[in-house]
Amino acid sequence: MRIQVEFLGVSRLETGVKEIALDVDKGATFRDIVRVLGTRYPALIGNVIQPDGETLQAPNILNHNARRMVQASQMGDGPSDGDRIILMSMSAGG
Amino acid sequence: MYGYSGKILHIDLTTRKTRVETKPEAWYKTYIGGVSMASRLCWENIEVGCDPLSPGNPICIAGGLFAGTPVPVGGKYGMASKSPLTGFIGDSLSGSWFSVTLKRAGWDGIVVHGASDEWVSVFIDDDKVEFRNASHLVGLGTTETEEAIREEFGDDQVRSATIGPAGENLARLANVSNDGRKAGRTGQGTVWGSKKLKALSIRGTRGVRVADPETLLKLSYDILQAAQGPHTQKYRILGTSSNVLNMNRLGLLPTRNYQQGVFEGAELVSGEYLHEHYKAKTIACAQCPIACEQVGHVKEGPYAGAMGHVEYESLYALSSDCGVNDMEAAIQAIANCNEFGTDTMSTGVTIGWAMECYERGVFTQDDFKCEKYPEGFEANFGNGEAMVTLTEMIAHREGYMGNLLAEGTRRASAQVDEERGTETYKWAMHIKGLEAPGYDARTLKTFALGLAVGTRGACHNRTAAYDPDIKGEVDRFSVDETRGGLAKSTEEYAAVYDTLPLCKFIRRCFTGKADRAGAWPAIAQLINATTGWEFDYDDVDLIGERAHTIKKAFNIREGWTREDDHLPYRWQHEPMETGPSAGYVVTDEELEYMKDIYYEAKGWTKEGLIPKEKLIALGMDDVAEEIGV
Amino acid sequence: MPASTSKYQYIANDPQKCVGCQICEYVCSYTKTGEFNTYRSRIRTVRAHKILITSVACRTCEDAPCVIACPRDALKQDPATGVIHVDASRCDGCAWCIEACDFGALSINPETKLAEICDLCQDLEDGPQCVKWCPKEALELTTPDRRAQRARRKLAIEEVLGR
């Protein structure tokens, strides 16, 4: 299935990319997607993705279709075809 | 006592006399510093019921426990006064060198009473106090004043807090500036202006001694190292402005006076865009190893030369909220507010209200007459030059519009509705008179509660209840029985940082987790190494509850009732029509329910008043006597 | 204008990295006096304009002007390291050394009335504390030759590789 992945903030800076279309297996979880991104963009490892390659470094978080912020406990869920995911750094304030 | 001198300096501008007050250690253990101590000093020294612009309203400054030590981000201080915008407690925080010199001069707090007949600046030279004629400083901007004073003394270590023309002209949005930072909200600068206090300068030459310097150094070093890593990367690299695109994607970015939550021009006024095109450098406050201040610099065009540090809360107010997609106009507007001494948030939101009035035909071009534009100008959303010009007009109370908007959104709206028979209150975005922050609360329901009950008005920083909403820890679109407890928890958490004070940006750097369990033990260690006390987790937690309670008590004594905990009309009656957050309002039912469960969680009565036993349990016996029920 | 000799080490600040936090000053003053007091620091930050920030400590000049200027021969420069040492029995706080130093690297302690200057924390095992503590790695213990080498390398990389 194909999903849109948008990079905001530090992840945009690290990858140099604003948005990509990502083809993943049907049934791919959010965790899988993070792994794919870390592999494709190794610059994300460290600041955005933890060294294990699949856990997001706080305060980075995935947003799903502008409605749901994917909690750590929900990383085993997954998107559907055509969904939109945003990798954002969510620290309110300032 | 370590960490404190044990002395509060009282300065009377009417009589030009000073006196020193000493407080028992128990008082320090209860109020610590920052907003709590400042609010407590205000409680003690104000003429109850007075007009905020009268001599009976004191300026109360409280230092930072960690100021002048290597504790990272501890270089902050608090200021409190009765707010000319809200009529309730106005507590503000600022940072950097002023807090350090205050500590090194040997003062835990300063209370300024009365009012001067002529413009005065006060100079505190360790323990000597001097009243200086400030008439030659009148009209100068905030940093201009600081520089002029530094020149006069020829000493870099003389640090000044100043007001600009806005405070001088009693614009109610006026702030107090020091070292490029601001005690920004609630109109602190207006109070200074009403006392004809142009500047407060301090030179502190003493060293700071703490109970256990070796431990404090070790703790500080570890935090400092952690502050270079991923826990602060967002602040260091892009600064808080990276919130523009975040909020835009969630449909929460205040756009055109909170009409919408998605701004089509967001990319052009984003932190990413600033970083790429306009960032000159990142700088830090004194004592800070993070360095989050992103300084924007405009090199060409009509606003060439404009330089200002660009924070999210300044940016939304002076870009998307005014429908302006021009980063250069935003930087110029921010620079204007900084130099003239107005709160960027209140200024931007008030301008947004005026723009909506213009678009609806309440105002005409004529209403905007000023020296630069003698025929007036069009003030539609998106007009960057109008926005920039209005920041100048407001600070100088220039023309009909400058004078009107200088009153703040609530008063301006009430005045216009009376004069013109309009209903501009329907789009006046304030709570208790303090203008709304950079997040639309229609779909941040916990946040809506936190804002409504906030002691200083619509302040995101004091409630911090947007955190669980935005992070998705609760469903932001709906209300449930947990929200009361949540709002209590977040506001008291924030209050701990605001009282020590410590900048909240360090919160993840103790253990990697920013929650109480992750932060309080480390903070207890810092407190104990500084003071020699034996604070534990619970003692740290109480700091926040006490801070919030003294502010609440102050409000009650000044006439607060449950009706004052309200939301702007727009958030209750007008859902957004498009975007991810469309279709929602906070209903009366929801709001009143949330207030009920919040008061209950706080241990207050149904009317939101505080039982005597509660106050006594918090160590505030005298407060219990006065307003406890 | 005095010149630094290539064999003497000194503490240099990179203004591109320095954010003006003053933590170097806290740590130096504590190391030397046991108190946190930026007036007593041997390294001093300076902010000339909002964004022009750096810090300065002794530059271990060759034929150090402060040594030459001292009317009481209270300042001695170690020929091996270039570090300036103050002889407390001779120094009377006249501050001629301060006049002579183009970098503002000396100060007079108002209590002891002695001149004070950076000594590279030679007595400490982990060396200069300011360098250790700087959160932005803006400080380094270095020599002029090494600074020049780096500048040349950076230039080459920028010019040739366009980075």
# chains A, B, ... in the order shown; residues from 1 in each chain; ligands from 1
call {"tool": "closest_atom_pairs", "arguments": {"of": "chain B", "to": "chain A", "cutoff": "7 Å", "atoms": "only C-alpha atoms", "output": "CSV"}}
result
residue,atom,partner,partner_atom,distance
B:Pro230,CA,A:Asn47,CA,5.0
B:Lys234,CA,A:Val10,CA,6.5
B:Thr240,CA,A:Gly94,CA,5.3
B:Ser242,CA,A:Gly9,CA,5.7
B:Asn246,CA,A:Met88,CA,6.7
B:Arg249,CA,A:Ala66,CA,6.3
B:Leu250,CA,A:Ala66,CA,5.3
B:Glu272,CA,A:Gly9,CA,6.4
B:Glu311,CA,A:Gly94,CA,5.9
B:Tyr312,CA,A:Gly94,CA,5.6
B:Glu313,CA,A:Gly94,CA,5.8
B:Asn461,CA,A:Gly93,CA,6.9
B:Asp467,CA,A:Ala92,CA,6.7
B:Lys471,CA,A:Met69,CA,6.1
B:Gly472,CA,A:Met69,CA,5.1
B:Pro580,CA,A:Ala66,CA,6.0
call {"tool": "atom_distance", "arguments": {"atom1": "CA of Glu35 in chain C", "atom2": "CA of Val210 in chain B"}}
result
8.4 Å
call {"tool": "interface_residues", "arguments": {"of": "chain B", "to": "chain C", "cutoff": "7 Å", "atoms": "only C-alpha atoms", "output": "PyMOL selection string"}}
result
chain B and resi 68-70+205-209+224-225+228+281-289+291
call {"tool": "select_by_dssp", "arguments": {"residues": "chain C", "states": "strand (DSSP E or B)", "output": "count of residues only"}}
result
32
call {"tool": "select_by_dssp", "arguments": {"residues": "range 35-162 of chain C", "states": "alpha helix (DSSP H)", "output": "list of chain:residue names"}}
result
C:Pro65, C:Cys66, C:Val67, C:Ile68, C:Ala69, C:Trp96, C:Cys97, C:Ile98, C:Glu99, C:Ala100, C:Gln129, C:Cys130, C:Val131, C:Lys132, C:Trp133, C:Pro144, C:Asp145, C:Arg146, C:Arg147, C:Ala148, C:Gln149, C:Arg150, C:Ala151, C:Arg152, C:Arg153, C:Lys154, C:Leu155, C:Ala156
call {"tool": "residues_around", "arguments": {"residues": "Thr39 in chain A", "least_positions_apart": "6", "cutoff": "10 Å", "atoms": "only C-alpha atoms", "output": "count of residues only"}}
result
4
call {"tool": "closest_residue", "arguments": {"among": "B:Glu168, B:Glu577, B:Glu590, B:Glu563", "to": "Phe340 in chain B", "atoms": "only C-alpha atoms"}}
result
B:Glu168
call {"tool": "residues_around", "arguments": {"residues": "Pro128 in chain C", "least_positions_apart": "3", "cutoff": "12 Å", "atoms": "only C-alpha atoms", "output": "PyMOL selection string"}}
result
chain C and resi 9-12+24-25+27-28+31-32+42-43+57+118-125+131-134+139-142
call {"tool": "write_last_selection", "arguments": {"atoms": "N, CA and C atoms", "output": "PDB file, in the first residue's frame"}}
result
ATOM      1  N   GLN C   9      50.255  27.446  24.433  1.00  0.00           N
ATOM      2  CA  GLN C   9      48.831  27.135  24.383  1.00  0.00           C
ATOM      3  C   GLN C   9      48.048  28.251  25.051  1.00  0.00           C
ATOM      4  N   TYR C  10      46.821  28.411  24.583  1.00  0.00           N
ATOM      5  CA  TYR C  10      45.907  29.376  25.212  1.00  0.00           C
ATOM      6  C   TYR C  10      44.487  28.894  24.943  1.00  0.00           C
ATOM      7  N   ILE C  11      43.564  29.536  25.590  1.00  0.00           N
ATOM      8  CA  ILE C  11      42.165  29.136  25.424  1.00  0.00           C
ATOM      9  C   ILE C  11      41.506  30.051  24.413  1.00  0.00           C
ATOM     10  N   ALA C  12      41.001  29.452  23.358  1.00  0.00           N
ATOM     11  CA  ALA C  12      40.382  30.222  22.280  1.00  0.00           C
ATOM     12  C   ALA C  12      38.883  29.927  22.214  1.00  0.00           C
ATOM     13  N   CYS C  24      31.263  29.211  31.553  1.00  0.00           N
ATOM     14  CA  CYS C  24      32.726  29.213  31.739  1.00  0.00           C
ATOM     15  C   CYS C  24      33.117  30.117  32.905  1.00  0.00           C
ATOM     16  N   GLU C  25      32.433  31.268  33.012  1.00  0.00           N
ATOM     17  CA  GLU C  25      32.760  32.217  34.073  1.00  0.00           C
ATOM     18  C   GLU C  25      32.398  31.680  35.452  1.00  0.00           C
ATOM     19  N   VAL C  27      32.241  28.539  36.353  1.00  0.00           N
ATOM     20  CA  VAL C  27      33.094  27.419  36.706  1.00  0.00           C
ATOM     21  C   VAL C  27      34.514  27.887  37.022  1.00  0.00           C
ATOM     22  N   CYS C  28      34.992  28.864  36.256  1.00  0.00           N
ATOM     23  CA  CYS C  28      36.331  29.386  36.527  1.00  0.00           C
ATOM     24  C   CYS C  28      36.378  30.030  37.904  1.00  0.00           C
ATOM     25  N   THR C  31      36.298  27.443  40.576  1.00  0.00           N
ATOM     26  CA  THR C  31      37.551  26.689  40.648  1.00  0.00           C
ATOM     27  C   THR C  31      38.624  27.484  41.391  1.00  0.00           C
ATOM     28  N   LYS C  32      38.641  28.785  41.127  1.00  0.00           N
ATOM     29  CA  LYS C  32      39.696  29.609  41.709  1.00  0.00           C
ATOM     30  C   LYS C  32      39.373  30.136  43.105  1.00  0.00           C
ATOM     31  N   ARG C  42      38.616  34.177  35.289  1.00  0.00           N
ATOM     32  CA  ARG C  42      39.791  34.565  34.487  1.00  0.00           C
ATOM     33  C   ARG C  42      39.472  34.535  33.006  1.00  0.00           C
ATOM     34  N   ILE C  43      38.322  34.000  32.676  1.00  0.00           N
ATOM     35  CA  ILE C  43      37.836  34.064  31.299  1.00  0.00           C
ATOM     36  C   ILE C  43      36.548  34.877  31.329  1.00  0.00           C
ATOM     37  N   ALA C  57      40.336  34.884  27.259  1.00  0.00           N
ATOM     38  CA  ALA C  57      41.240  34.610  28.373  1.00  0.00           C
ATOM     39  C   ALA C  57      42.653  34.919  27.879  1.00  0.00           C
ATOM     40  N   CYS C 118      44.399  34.019  33.698  1.00  0.00           N
ATOM     41  CA  CYS C 118      44.204  32.600  33.404  1.00  0.00           C
ATOM     42  C   CYS C 118      45.539  31.870  33.432  1.00  0.00           C
ATOM     43  N   ASP C 119      45.548  30.710  34.127  1.00  0.00           N
ATOM     44  CA  ASP C 119      46.785  29.926  34.161  1.00  0.00           C
ATOM     45  C   ASP C 119      46.560  28.541  33.570  1.00  0.00           C
ATOM     46  N   LEU C 120      45.541  28.448  32.729  1.00  0.00           N
ATOM     47  CA  LEU C 120      45.218  27.199  32.021  1.00  0.00           C
ATOM     48  C   LEU C 120      44.928  26.041  32.972  1.00  0.00           C
ATOM     49  N   CYS C 121      44.555  26.352  34.223  1.00  0.00           N
ATOM     50  CA  CYS C 121      44.292  25.299  35.214  1.00  0.00           C
ATOM     51  C   CYS C 121      45.400  24.248  35.204  1.00  0.00           C
ATOM     52  N   GLN C 122      46.645  24.709  35.198  1.00  0.00           N
ATOM     53  CA  GLN C 122      47.770  23.790  35.105  1.00  0.00           C
ATOM     54  C   GLN C 122      47.835  22.830  36.275  1.00  0.00           C
ATOM     55  N   ASP C 123      47.244  23.269  37.411  1.00  0.00           N
ATOM     56  CA  ASP C 123      47.317  22.425  38.598  1.00  0.00           C
ATOM     57  C   ASP C 123      46.241  21.343  38.608  1.00  0.00           C
ATOM     58  N   LEU C 124      45.366  21.335  37.604  1.00  0.00           N
ATOM     59  CA  LEU C 124      44.284  20.352  37.604  1.00  0.00           C
ATOM     60  C   LEU C 124      44.542  19.247  36.598  1.00  0.00           C
ATOM     61  N   GLU C 125      44.167  18.044  36.987  1.00  0.00           N
ATOM     62  CA  GLU C 125      44.420  16.899  36.125  1.00  0.00           C
ATOM     63  C   GLU C 125      43.624  16.962  34.827  1.00  0.00           C
ATOM     64  N   VAL C 131      36.945  24.873  29.415  1.00  0.00           N
ATOM     65  CA  VAL C 131      36.900  24.037  28.208  1.00  0.00           C
ATOM     66  C   VAL C 131      36.071  22.795  28.473  1.00  0.00           C
ATOM     67  N   LYS C 132      36.284  22.206  29.652  1.00  0.00           N
ATOM     68  CA  LYS C 132      35.540  20.999  30.006  1.00  0.00           C
ATOM     69  C   LYS C 132      34.041  21.261  30.051  1.00  0.00           C
ATOM     70  N   TRP C 133      33.650  22.436  30.556  1.00  0.00           N
ATOM     71  CA  TRP C 133      32.239  22.698  30.825  1.00  0.00           C
ATOM     72  C   TRP C 133      31.477  23.309  29.649  1.00  0.00           C
ATOM     73  N   CYS C 134      32.175  23.913  28.727  1.00  0.00           N
ATOM     74  CA  CYS C 134      31.440  24.651  27.701  1.00  0.00           C
ATOM     75  C   CYS C 134      30.459  23.747  26.980  1.00  0.00           C
ATOM     76  N   LEU C 139      34.987  26.435  23.325  1.00  0.00           N
ATOM     77  CA  LEU C 139      36.319  26.739  23.856  1.00  0.00           C
ATOM     78  C   LEU C 139      37.257  25.588  23.581  1.00  0.00           C
ATOM     79  N   GLU C 140      38.486  25.910  23.293  1.00  0.00           N
ATOM     80  CA  GLU C 140      39.482  24.852  23.210  1.00  0.00           C
ATOM     81  C   GLU C 140      40.840  25.364  23.642  1.00  0.00           C
ATOM     82  N   LEU C 141      41.615  24.425  24.181  1.00  0.00           N
ATOM     83  CA  LEU C 141      42.996  24.707  24.543  1.00  0.00           C
ATOM     84  C   LEU C 141      43.808  24.438  23.281  1.00  0.00           C
ATOM     85  N   THR C 142      44.456  25.479  22.760  1.00  0.00           N
ATOM     86  CA  THR C 142      45.015  25.323  21.416  1.00  0.00           C
ATOM     87  C   THR C 142      46.244  26.195  21.237  1.00  0.00           C
TER      88      THR C 142
END
call {"tool": "residues_around", "arguments": {"residues": "Asp155 in chain B", "least_positions_apart": "5", "cutoff": "10 Å", "atoms": "only C-alpha atoms", "output": "tab-separated table (two decimals) with C-alpha atoms, in the first residue's frame"}}
result
chain	number	residue	atom	x	y	z
B	149	ILE	CA	22.43	53.14	31.31
B	150	ARG	CA	25.36	50.80	30.73
B	203	ARG	CA	25.07	45.82	40.03
call {"tool": "residues_around", "arguments": {"residues": "range 21-30 of chain A", "least_positions_apart": "4", "cutoff": "12 Å", "atoms": "only C-alpha atoms", "output": "number ranges by chain"}}
result
A: 1-7, 17, 34-37, 40, 54-56, 61-64, 69-87
call {"tool": "write_last_selection", "arguments": {"atoms": "C-alpha atoms", "output": "short mmCIF file (atom, residue, chain, number, x, y, z; two decimals), in the first residue's frame"}}
result
data_model
loop_
_atom_site.label_atom_id
_atom_site.label_comp_id
_atom_site.auth_asym_id
_atom_site.auth_seq_id
_atom_site.Cartn_x
_atom_site.Cartn_y
_atom_site.Cartn_z
CA MET A 1 0.00 0.00 0.00
CA ARG A 2 1.05 3.56 -0.51
CA ILE A 3 1.11 6.18 2.21
CA GLN A 4 2.27 9.79 2.33
CA VAL A 5 4.92 10.62 4.86
CA GLU A 6 5.62 14.24 5.68
CA PHE A 7 8.66 15.40 7.63
CA VAL A 17 13.03 16.14 2.41
CA VAL A 34 9.77 3.99 11.39
CA ARG A 35 12.23 1.21 10.61
CA VAL A 36 11.88 1.82 6.90
CA LEU A 37 12.43 5.55 7.35
CA ARG A 40 16.25 5.04 4.03
CA GLU A 54 12.37 1.48 15.42
CA THR A 55 11.59 3.60 18.48
CA LEU A 56 11.02 7.29 18.08
CA ILE A 61 5.82 11.41 17.36
CA LEU A 62 3.78 10.18 14.43
CA ASN A 63 0.55 11.86 13.48
CA HIS A 64 -1.98 9.79 11.58
CA MET A 69 -1.16 11.13 17.56
CA VAL A 70 0.20 7.60 17.63
CA GLN A 71 1.09 6.76 21.22
CA ALA A 72 4.02 4.49 22.06
CA SER A 73 1.54 1.74 22.95
CA GLN A 74 -0.13 2.08 19.55
CA MET A 75 2.96 1.67 17.42
CA GLY A 76 1.79 -1.88 16.67
CA ASP A 77 -1.20 -0.42 14.81
CA GLY A 78 -0.84 0.53 11.20
CA PRO A 79 -2.14 2.89 8.51
CA SER A 80 -4.38 2.07 5.58
CA ASP A 81 -3.73 2.62 1.91
CA GLY A 82 -3.73 6.31 1.05
CA ASP A 83 -3.24 7.49 4.62
CA ARG A 84 -1.09 10.42 5.57
CA ILE A 85 1.54 10.26 8.28
CA ILE A 86 3.47 13.19 9.69
CA LEU A 87 6.70 12.80 11.62
#
call {"tool": "atom_distance", "arguments": {"atom1": "CA of Val623 in chain B", "atom2": "CA of Ile61 in chain B"}}
result
20.3 Å
call {"tool": "residues_around", "arguments": {"residues": "range 434-441 of chain B", "least_positions_apart": "4", "cutoff": "8 Å", "atoms": "only C-alpha atoms", "output": "VMD selection string"}}
result
chain B and resid 85 to 86 186 247 252 to 254 258 261 312 to 313 316 to 317 345 to 346 349 to 350 408 to 410 429 to 430 445 447 to 448 456 to 460 571
call {"tool": "atom_distance", "arguments": {"atom1": "CA of Glu356 in chain B", "atom2": "CA of Thr424 in chain B"}}
result
8.9 Å
